[in-house]
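Novice: My structure is below; once you've seen it, I'll send some questions.
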Number of protein chains: 2
Amino acid sequence: MTPPNAARRSERAHRAILEAAYALAVDRGAAKVTIEAIAARAGVGKQTIYRWWPSKGALLLDVLIDAVGAVSEMPDTGDVTADLKAQMTAVTRLFQSDFARFYTGLIAEAQGDEAVARGLAEQLLDRADGPRRARLAKAQRDGELRADVDVAAAAEALYAPIYYRLLLRTAPLGVDQVHALLDVVLDGLRPRE
Amino acid sequence: MTPPNAARRSERAHRAILEAAYALAVDRGAAKVTIEAIAARAGVGKQTIYRWWPSKGALLLDVLIDAVGAVSEMPDTGDVTADLKAQMTAVTRLFQSDFARFYTGLIAEAQGDEAVARGLAEQLLDRADGPRRARLAKAQRDGELRADVDVAAAAEALYAPIYYRLLLRTAPLGVDQVHALLDVVLDGLRPRE
């Protein structure tokens, strides 16, 4: 068994590495960050990093999962409109912060690194998408939403515009636009008879 | 005045450069393409390229605009559902082709090159988004769509999922999913009373 002090030290080093990688990637862009620089900033040896992560890409994916952890949760108050508004606003605000620079850098890395691309697609999207789809499906069972609608398509209509703005580097979606988007997707484009 | 033969030669060289740049970017990814390689493949001198384009980024943006030209047009048959279905299907098919590799490479370039990012956002998105918004606004005037809806939000709910799939490298949107998306956004998520 690892003695308690060693476990605590190890936990501290792990956290320091994640924080150093995030700060450096925000500062320089993911492409220009090296394992050497992360190790130096975190005050650990390179070997410590390689003990936990096989590559820079794998480490940055963990940083991403850590950073989006807070906004990956989907509230359930029983009012799906309020829950979507709260969650979409939280994602929007995250994308208006420093995090945007970290995330777009990682997306750029993914275009040339198949493992990062797969990791992004599988881990992060499933992690974020799963709870959104589940919340929409529950609202269908509650009679709040049409039962015959494709929840995957609904989740993408709601969330893709937030990502798309970030990735195509147009102005980030504002909170007002979150409301306009919710209005469109909840009530539809066709006139109600 | 440029004599007709010179104008024809110039037009041919211009076209050869666009095609060489596209083929090389599909093959190697935009980041690894050089002006030298484009010039060699097009059978022109580097100076000929620099006469028309100040940088590789500017040239690749023109290639992009050329490639998406065909799917940027928005049909108007008087039936907005049919027009959206046709246009969204055309974009989806383009994104399932070789073009996807070209486009994701250019997006990656944009993360580290502010001029490319601005060019992508301004030229391409305005060029693609403008006709979509205009078509939706006309459908509002025709009474086909709710008049009180934000057309920018509607256009993004419809098209962002197509781009988002491409950029985040998950499975590209299929034609069935285009139909599911249209169903969600046209009829909305809420049950009709």
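The way I read the labels, and the way they are meant: chains A, B, ... in the order of the structure tokens, residue 1 as the first residue of every chain, and ligand 1 as the first ligand shown, with later ones counted on from there.
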I need the contact residues of chain B against chain A, so if you could list those with any atom within 6 Å, counting only C-alpha atoms, and return them as a list in words, that would help.

Specialist: Ala108, Ala121, Leu145, Arg146, Ala153, Glu156, Ala157, Ala160, Pro161, Tyr164, Thr170, Leu181, Val185, Leu186, Asp187, Gly188, Leu189, Arg190 and Pro191 of chain B

Novice: Take the residues from that selection and put them in a file with C-alpha atoms, as a compact mmCIF listing (two decimals), in the first residue's frame.

Specialist:
```txt
# COMPACT_ATOMS: atom_id res chain seq x y z
CA ALA B 108 -6.49 24.13 -37.75
CA ALA B 121 -15.20 33.99 -40.24
CA LEU B 145 -42.37 30.30 -40.84
CA ARG B 146 -43.13 32.13 -37.58
CA ALA B 153 -30.52 31.59 -34.40
CA GLU B 156 -27.36 28.24 -36.69
CA ALA B 157 -29.61 25.58 -35.18
CA ALA B 160 -24.09 24.38 -36.88
CA PRO B 161 -24.57 20.61 -36.28
CA TYR B 164 -19.65 20.79 -35.55
CA THR B 170 -17.13 12.68 -34.85
CA LEU B 181 -32.59 17.95 -37.49
CA VAL B 185 -36.06 22.81 -35.77
CA LEU B 186 -39.13 23.23 -37.96
CA ASP B 187 -41.64 21.71 -35.56
CA GLY B 188 -39.89 22.35 -32.27
CA LEU B 189 -39.44 20.21 -29.21
CA ARG B 190 -42.56 21.20 -27.35
CA PRO B 191 -45.73 19.19 -27.91
```

Novice: Enumerate as a ChimeraX atom specification all residues of chain B assigned to helix (DSSP H, G or I) by DSSP on the backbone, naming them with the chain letters and numbers the document uses.

Specialist: /B:4-28,30-32,35-42,46-52,56-72,80-95,99-112,114-141,151-167,175-187

Novice: Counting only C-alpha atoms, which residue out of B:Pro172, B:Gln96, B:Ile35, B:Pro131 sits closest to Pro54 in chain B?

Specialist: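 Result for the nearest residue to Pro54 in chain B: B:Ile35.
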
Novice: One decimal, in Å: what's the spacing between CA of Gly45 in chain B and CA of Ile65 in chain B?

Specialist: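 Interatomic distance, CA of Gly45 in chain B to CA of Ile65 in chain B: 23.2 Å.
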
Novice: CA of Gly119 in chain B and CA of Phe102 in chain A are how many Å apart?

Specialist: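 Result for CA of Gly119 in chain B versus CA of Phe102 in chain A: 21.3 Å, one decimal.
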